[in-house]
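Structure, as structure tokens:
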Amino acid sequence: MTSSKNTTGSVIKTVLIYVALIIMAFVMLVPFAWMISASLKLEKDVFSYPIVWIPSDPQWNNYQEIWNKVPLLTGFFNTTKLTVCTTVLQLLTSSFAAYAFAKLEFKGRDTIFMMYVMTISIPWQVYMVPQFKMMTLFGLTDSHLGIILMHAFTATGVFLMRQFFMGIPTELLEAARIDGLSEYGIWAKLMLPLSKPAIATLCITSFTFEWNDFMGPLIYLSSSSKKTVQLMLRMFNTQYSSNYAQIMAAATVALVPVLILFIFLQRYFVEGIASSGIKG
């Protein structure tokens, strides 16, 4: 009887958890559904009540007109350039540093790691002005190179990769050293292939942050030819603030690359978050 009651209670608890998660997921998806729905409507129908979620006459031309009103394609090219370069650099620098902090022995290793990770708690607004002065001194304002260099290192990425690397048996590395592999060879041929979940997690987080970054490009980029898609959306919103249908269409288009990346890497993303949270 007791065992049966425990089983029934466990089933009820599981059902309630899933119901709560489904409700939360639905609530979070409602704004995205409204955005897509509004992007396919006439301007006069965007705020109509009750809400018509599936327009009877979808306005697909909204997605065509947004490319002609602002240089959105230039913004996509610039954002892709910044995002890809920064993400690749973060993967390299984070994995290099994480390997040193996780598997190499040197004086002050743990202290340096803790000091580096503590920088995560410092808000960007605290060092925003000194950083801008430094980039101005180097002549890197209004350039993509300046933004790429500023974002090439991430303490969060180092922490994530290091936690995953800690779970890889040290004996495997010792065997590789005996076989003649250098530290760079171990990093390239052992650590990276075994760390696909952590790499996918860092790739998604870095890509999403860089793609959606607004304040950085706003502060450092002044030339229209160098502006990112987020700045182009702001420009579109400023010039056509009354046309919410096309604003929603532009926002939907800007969301697509991140969505595609997450769909392809979500399996590794979940595994990477789970592994990095329990190892180390």
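Labels used: A, B, ... for chains in the order of the structure tokens, numbers from 1 for residues in each chain, and numbers from 1 for ligands as shown.
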Counting only C-alpha atoms, give me one row per residue of stretch 28-84 of chain A with an atom at most 9 Å from an atom of stretch 235-254 of chain A, showing the shortest contact pair and its distance in Å to one decimal, sorted by chain then residue number, as JSON lines.
```
{"residue": "A:Phe32", "atom": "CA", "partner": "A:Thr252", "partner_atom": "CA", "distance": 8.5}
{"residue": "A:Met35", "atom": "CA", "partner": "A:Met248", "partner_atom": "CA", "distance": 5.5}
{"residue": "A:Ile36", "atom": "CA", "partner": "A:Thr252", "partner_atom": "CA", "distance": 6.5}
{"residue": "A:Ser37", "atom": "CA", "partner": "A:Met248", "partner_atom": "CA", "distance": 8.7}
{"residue": "A:Ala38", "atom": "CA", "partner": "A:Ala245", "partner_atom": "CA", "distance": 5.4}
{"residue": "A:Ser39", "atom": "CA", "partner": "A:Ala249", "partner_atom": "CA", "distance": 4.5}
{"residue": "A:Leu40", "atom": "CA", "partner": "A:Ala245", "partner_atom": "CA", "distance": 6.9}
{"residue": "A:Lys41", "atom": "CA", "partner": "A:Ala245", "partner_atom": "CA", "distance": 6.1}
{"residue": "A:Leu42", "atom": "CA", "partner": "A:Ala245", "partner_atom": "CA", "distance": 6.5}
{"residue": "A:Glu43", "atom": "CA", "partner": "A:Ala245", "partner_atom": "CA", "distance": 5.4}
{"residue": "A:Lys44", "atom": "CA", "partner": "A:Ala245", "partner_atom": "CA", "distance": 8.8}
{"residue": "A:Asp45", "atom": "CA", "partner": "A:Ala245", "partner_atom": "CA", "distance": 8.7}
{"residue": "A:Val46", "atom": "CA", "partner": "A:Ala245", "partner_atom": "CA", "distance": 6.4}
{"residue": "A:Asn62", "atom": "CA", "partner": "A:Gln246", "partner_atom": "CA", "distance": 5.4}
{"residue": "A:Tyr63", "atom": "CA", "partner": "A:Ala249", "partner_atom": "CA", "distance": 5.8}
{"residue": "A:Glu65", "atom": "CA", "partner": "A:Gln246", "partner_atom": "CA", "distance": 7.8}
{"residue": "A:Ile66", "atom": "CA", "partner": "A:Gln246", "partner_atom": "CA", "distance": 6.4}
{"residue": "A:Trp67", "atom": "CA", "partner": "A:Ala250", "partner_atom": "CA", "distance": 8.5}
{"residue": "A:Lys69", "atom": "CA", "partner": "A:Phe236", "partner_atom": "CA", "distance": 7.6}
{"residue": "A:Val70", "atom": "CA", "partner": "A:Phe236", "partner_atom": "CA", "distance": 6.4}
{"residue": "A:Leu72", "atom": "CA", "partner": "A:Ala250", "partner_atom": "CA", "distance": 8.5}
{"residue": "A:Phe76", "atom": "CA", "partner": "A:Ala254", "partner_atom": "CA", "distance": 8.1}
```
Taking only residues of stretch 170-208 of chain A that have an atom at most 9 Å from an atom of stretch 97-120 of chain A, what is each one's shortest atom pair and its distance in Å to one decimal, using only C-alpha atoms, in chain and number order, as a Markdown table?
```
| residue | atom | partner | partner_atom | distance |
| --- | --- | --- | --- | --- |
| A:Thr170 | CA | A:Lys103 | CA | 7.3 |
| A:Leu173 | CA | A:Lys103 | CA | 8.6 |
| A:Trp187 | CA | A:Tyr99 | CA | 7.2 |
| A:Met191 | CA | A:Tyr99 | CA | 8.0 |
```
Just checking: using only C-alpha atoms, which residue out of A:Val129, A:Ala198, A:Met135, A:Ile186 ends up closest to A:Met161?
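Selected residue with least distance to A:Met161: A:Ala198.
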Distance in Å - atom CA of A:Thr86 versus atom CA of A:Ser143:
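Taking atom CA of A:Thr86 as the start and atom CA of A:Ser143 as the end point, the length is 13.8 Å.
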When distances are computed from only C-alpha atoms, which of A:Leu181, A:Leu192, A:Ile147, A:Ile168 shows the smallest separation from A:Leu91?
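Smallest separation from A:Leu91 among the options: A:Leu192.
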Quick one: pick out all helix (DSSP H, G or I) residues within stretch 99-252 of chain A from a backbone DSSP run and write them as a PyMOL selection string.
chain A and resi 99-103+109-121+124-137+144-150+155-165+170-178+183-191+193-212+215-220+224-226+229-239+244-252
Top pick for closest residue to A:Ala33, considering A:Arg177, A:Phe165, A:Ile54, A:Leu259 and counting only C-alpha atoms
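Residue with the minimum atom-to-atom distance to A:Ala33: A:Ile54.
Atom CA of A:Leu82 is positioned 10.5 Å from atom CA of A:Ala152.
Atom CA of A:Phe164 lies 23.0 Å from atom CA of A:Glu210.
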Long-range neighbours of A:Thr154 as a PyMOL selection string, 8 Å cut-off, only C-alpha atoms, 3 positions minimum in chain
chain A and resi 90+94+151+157-158
